[in-house]
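Here is the structure we will look at.
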Amino acid sequence: MPQAREAYISALKVSPGAHSATMRLAALAFVNGHGDDPYPLVDALLRDDDARRDPWWSYYAADWRFWYPRIERVRQLALQP
Amino acid sequence: MVKVSSTVVACAVALAVGGAAVGAQSVFRSGVDGVTVVVSVHRGNQPIAGLTSSDFELKDNGVAQEISSISAEKVPLDLTLLLDLSSSVDGPQLQRLKTAVIDTAALLRPDDRIRLVAISQVLHEVFSLRPKGAAMLLDGLSAEGATSLYDGMAATMMRPSEPGRRQLIVAFTDGHDSTSIIDETAAKAIARITDSVVDVVVPVAGGDAPAQRRLAQPRGSLDSLMTGDNIVAGKDVAPFSAGAADAPPPVLADLVRPTAGQVIALTGSDSVSVVFKAMLDDFRASYVLRYVAQGVQEEGWHEISIAVKKHGRYDIRARRGYMGRGKIGSSEAPR
């Protein structure tokens, strides 16, 4: 477990706020009952969870990672007069 | 038909022999103020009101404990609505969910609070905990992307209940996870020690039994234990939406059972608002027991068992236990 914790913390240094490492670090802390306080981690994620911030999604979701920026771009274009 | 495990049969037998005792269900986390346990007591489909601390027998790791306080309706609640807003939920169904959020918020009492969390691939707190009447920004809600269901459930279950409050999570989902980082095993581990009660509403295809009637079945009673492991579902229901399954995925029942929660199947004719209201009413009727653990080690996993001393057959739902402070050994970890 200490190695896992170190790995997740290292990942968050590379990709601050990344969904995958944040969730795993919080779950580790919650289930083991000591160490990091899980809820501030989760709370921050719930307020600002951006798939583009997490390299895991790039691998896991492949081109799906383009969905959010592109659909947002479409919405902006649709709102233009 | 769900196969009935020997454990379930043992519980069912215990229920049938008067003075109901259930060796598992409603708890919270220990702290300087002691342990808080949310307990639901039903006979048939009726919640049992008017019980006092002397009516309960509570054991912590097998040691009888003195209940320092008991309360029910007066304890304010924090309600988290967790909505699966992946691309499978769109159009009329999304509008029904928005309506259900507004209707449910209107049911809150002055000290209650509600928040809304949306799940797609990512998690999004649409609005944080707020009292009845506060603004709820629902216009921007849209349904798109994949479903990180386990991540959403885990994230909300990890929120600790505030002192003097109790916490209910009601999730609406088709039950299918596609992109979570938290796997099923990790989600179940979190469910075993959360201090929230987690209910799940799942749209299903087919059937003519309205959700109200199915909700009226005695959950956790002999009948429901023998037939559905706390899943309350009709056999034949009208189509709710294309692609909906005939019954909620069994994993959901496994997930919510340790939290003393339940899974409700929703058919096309059911009102989401009505089902949410039924869950809220059910939770509000539960008892909140508090005690300071005596005669047991503080550290590690604490198994809690609760019984009602009064003669009769009761359906008691509560959590299995809580995690004490300090490091636990692998053999102590809740399974």
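Residues in the structure tokens are named by chain (A, B, ... in the order shown) and by number from 1 within that chain; ligands are numbered from 1 in the order shown.
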With only C-alpha atoms as the counted atoms, please give the residues lying no more than 9 Å from Thr156 in chain B, apart from itself and same-chain residues fewer than 6 positions off, as a compact mmCIF listing (two decimals) with N, CA and C atoms, in the first residue's frame.
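Dumped everything to selection-v5.txt:
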```txt
# COMPACT_ATOMS: atom_id res chain seq x y z
N VAL A 42 -11.51 14.08 -3.11
CA VAL A 42 -12.71 13.81 -3.91
C VAL A 42 -13.50 15.09 -4.14
N ASP A 43 -13.56 15.91 -3.11
CA ASP A 43 -14.34 17.15 -3.22
C ASP A 43 -13.78 18.03 -4.33
N THR B 80 -27.81 13.34 -1.24
CA THR B 80 -27.05 13.48 -2.48
C THR B 80 -27.78 12.72 -3.58
N LEU B 82 -27.41 11.33 -7.16
CA LEU B 82 -26.30 10.96 -8.05
C LEU B 82 -26.91 10.47 -9.35
N VAL B 117 -24.97 15.46 -7.98
CA VAL B 117 -23.73 15.06 -8.64
C VAL B 117 -24.09 14.30 -9.91
N ILE B 169 -27.70 8.76 -0.03
CA ILE B 169 -27.34 8.91 -1.44
C ILE B 169 -28.37 8.14 -2.26
N SER B 196 -22.85 6.51 4.86
CA SER B 196 -24.05 6.90 4.11
C SER B 196 -24.91 5.67 3.82
```
Find the residues near Ala143 in chain B: any atom within 7 Å, counting only C-alpha atoms, skip ones fewer than 6 places away on the same chain, and give them as a PDB file with N, CA and C atoms, in the first residue's frame.
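That gives us out.pdb:
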```pdb
ATOM      1  N   LEU B  85     -25.709  10.659 -16.083  1.00  0.00           N
ATOM      2  CA  LEU B  85     -26.053  11.494 -17.229  1.00  0.00           C
ATOM      3  C   LEU B  85     -25.152  11.164 -18.413  1.00  0.00           C
ATOM      4  N   SER B  86     -24.971   9.884 -18.635  1.00  0.00           N
ATOM      5  CA  SER B  86     -24.258   9.454 -19.832  1.00  0.00           C
ATOM      6  C   SER B  86     -25.203   9.553 -21.021  1.00  0.00           C
ATOM      7  N   SER B  87     -24.692   9.222 -22.182  1.00  0.00           N
ATOM      8  CA  SER B  87     -25.496   9.412 -23.401  1.00  0.00           C
ATOM      9  C   SER B  87     -26.716   8.494 -23.446  1.00  0.00           C
ATOM     10  N   VAL B  89     -28.895   8.384 -21.247  1.00  0.00           N
ATOM     11  CA  VAL B  89     -29.993   9.114 -20.589  1.00  0.00           C
ATOM     12  C   VAL B  89     -30.134  10.455 -21.297  1.00  0.00           C
ATOM     13  N   ASP B  90     -31.073  10.543 -22.172  1.00  0.00           N
ATOM     14  CA  ASP B  90     -31.204  11.793 -22.912  1.00  0.00           C
ATOM     15  C   ASP B  90     -32.665  12.010 -23.261  1.00  0.00           C
TER      16      ASP B  90
END
```
Task: Pick from B:Val37, B:Ala134, B:Met157, B:Val63 nearest to Tyr39 in chain A, counting only C-alpha atoms - done: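 Among the listed residues, B:Met157 lies closest to Tyr39 in chain A.
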Write down, as a compact mmCIF listing (two decimals) with C-alpha atoms, in the first residue's frame, each residue of chain A that has any atom within 10 Å of an atom of chain B, counting only C-alpha atoms.
```txt
# COMPACT_ATOMS: atom_id res chain seq x y z
CA HIS A 19 -9.15 11.86 -12.15
CA SER A 20 -7.56 8.41 -12.06
CA ALA A 21 -4.82 9.04 -9.52
CA THR A 22 -7.09 11.18 -7.36
CA MET A 23 -9.80 8.53 -7.16
CA ARG A 24 -7.36 5.75 -6.41
CA ALA A 26 -8.74 8.73 -2.09
CA ALA A 27 -10.04 5.16 -2.14
CA LEU A 28 -6.81 3.89 -0.64
CA ALA A 29 -6.99 6.43 2.16
CA PHE A 30 -10.68 5.79 2.81
CA VAL A 31 -10.50 2.02 2.98
CA ASN A 32 -7.39 1.94 5.12
CA GLY A 33 -8.64 4.53 7.54
CA HIS A 34 -5.45 6.48 8.05
CA GLY A 35 -3.03 8.66 6.19
CA ASP A 37 -7.83 12.58 4.22
CA PRO A 38 -9.84 11.26 1.26
CA TYR A 39 -12.68 13.69 1.08
CA PRO A 40 -10.80 16.89 0.19
CA LEU A 41 -9.31 14.97 -2.73
CA VAL A 42 -12.71 13.81 -3.91
CA ASP A 43 -14.34 17.15 -3.22
CA ALA A 44 -11.82 18.92 -5.43
CA LEU A 45 -12.44 16.37 -8.16
CA LEU A 46 -16.21 16.80 -7.99
CA ARG A 47 -15.83 20.54 -8.41
CA ASP A 48 -13.39 20.37 -11.29
CA ASP A 49 -13.02 17.07 -13.10
CA ASP A 50 -11.56 17.52 -16.54
CA ALA A 51 -10.82 14.49 -18.68
CA TRP A 56 -5.05 7.83 -18.47
CA TRP A 57 -8.10 8.86 -20.42
CA TYR A 60 -8.18 4.40 -22.10
CA ALA A 61 -10.57 6.43 -24.18
CA TRP A 64 -12.95 9.84 -27.13
CA TRP A 67 -15.21 14.62 -27.38
CA TYR A 68 -15.40 17.28 -24.68
CA ILE A 71 -18.50 19.35 -28.45
```
Open item on the list: Report, in Å to a single decimal, how far apart CA of Ser269 in chain B and CA of Asp84 in chain B are.
Closed with: 19.6 Å
TODO: Please measure the separation of CA of Pro203 in chain B and CA of Pro248 in chain B, giving the value in Å to one decimal.
DONE: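 Atom-to-atom, CA of Pro203 in chain B to CA of Pro248 in chain B, that is 7.7 Å.
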TODO: Might you pull out every residue within 8 Å of Gln65 in chain B, with only C-alpha atoms counted and same-chain residues fewer than 3 positions away left off, and present them as a ChimeraX atom specification?
DONE: /B:57-60,291-294
Just write the chosen residues, C-alpha atoms, as an mmCIF file, in the first residue's frame.
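result-v7.cif, written as the output of this step:
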```cif
data_model
loop_
_atom_site.group_PDB
_atom_site.id
_atom_site.type_symbol
_atom_site.label_atom_id
_atom_site.label_comp_id
_atom_site.auth_asym_id
_atom_site.auth_seq_id
_atom_site.Cartn_x
_atom_site.Cartn_y
_atom_site.Cartn_z
ATOM 1 C CA GLU B 57 -29.984 -4.438 21.822
ATOM 2 C CA LEU B 58 -26.743 -3.274 20.243
ATOM 3 C CA LYS B 59 -23.456 -5.142 20.271
ATOM 4 C CA ASP B 60 -20.069 -3.884 19.158
ATOM 5 C CA TYR B 291 -23.194 5.061 21.682
ATOM 6 C CA VAL B 292 -19.649 5.272 22.952
ATOM 7 C CA ALA B 293 -18.002 1.908 22.459
ATOM 8 C CA GLN B 294 -17.072 0.300 25.757
#
```
TODO: List the neighbours of Val272 in chain B out to 9 Å using only C-alpha atoms; skip same-chain residues closer than 3 positions along the sequence, and give me the result as an NGL selection string.
DONE: :B and (96-97 or 99-100 or 201 or 266 or 275-277)
Requested write-out: N, CA and C atoms of the selected residues, as a short mmCIF file (atom, residue, chain, number, x, y, z; two decimals), in the first residue's frame:
```cif
data_model
loop_
_atom_site.label_atom_id
_atom_site.label_comp_id
_atom_site.auth_asym_id
_atom_site.auth_seq_id
_atom_site.Cartn_x
_atom_site.Cartn_y
_atom_site.Cartn_z
N ARG B 96 -37.28 14.23 -17.20
CA ARG B 96 -37.92 13.59 -16.03
C ARG B 96 -37.00 13.67 -14.81
N LEU B 97 -35.72 13.50 -15.05
CA LEU B 97 -34.77 13.57 -13.93
C LEU B 97 -34.68 14.98 -13.37
N THR B 99 -37.02 17.18 -13.39
CA THR B 99 -38.26 17.38 -12.65
C THR B 99 -38.18 16.68 -11.29
N ALA B 100 -37.61 15.49 -11.29
CA ALA B 100 -37.50 14.73 -10.03
C ALA B 100 -36.60 15.45 -9.03
N VAL B 201 -31.82 3.60 -8.01
CA VAL B 201 -33.00 3.45 -8.86
C VAL B 201 -32.52 3.09 -10.26
N LEU B 266 -37.28 0.61 -11.82
CA LEU B 266 -38.24 1.63 -12.27
C LEU B 266 -38.72 1.27 -13.67
N VAL B 275 -40.72 7.73 -6.74
CA VAL B 275 -39.77 6.76 -6.18
C VAL B 275 -38.75 7.47 -5.28
N PHE B 276 -38.26 8.62 -5.72
CA PHE B 276 -37.33 9.38 -4.88
C PHE B 276 -38.00 9.76 -3.55
N LYS B 277 -39.26 10.15 -3.62
CA LYS B 277 -39.98 10.53 -2.39
C LYS B 277 -40.10 9.33 -1.44
#
```
TODO: Taking the DSSP assignment computed from this structure's backbone, write out as a PyMOL selection string all residues of range 81-318 of chain B that belong to strand (DSSP E).
DONE: chain B and resi 81-84+113-119+123-131+166-172+197-203+231-232+263-266+287-291+301-308+315-317
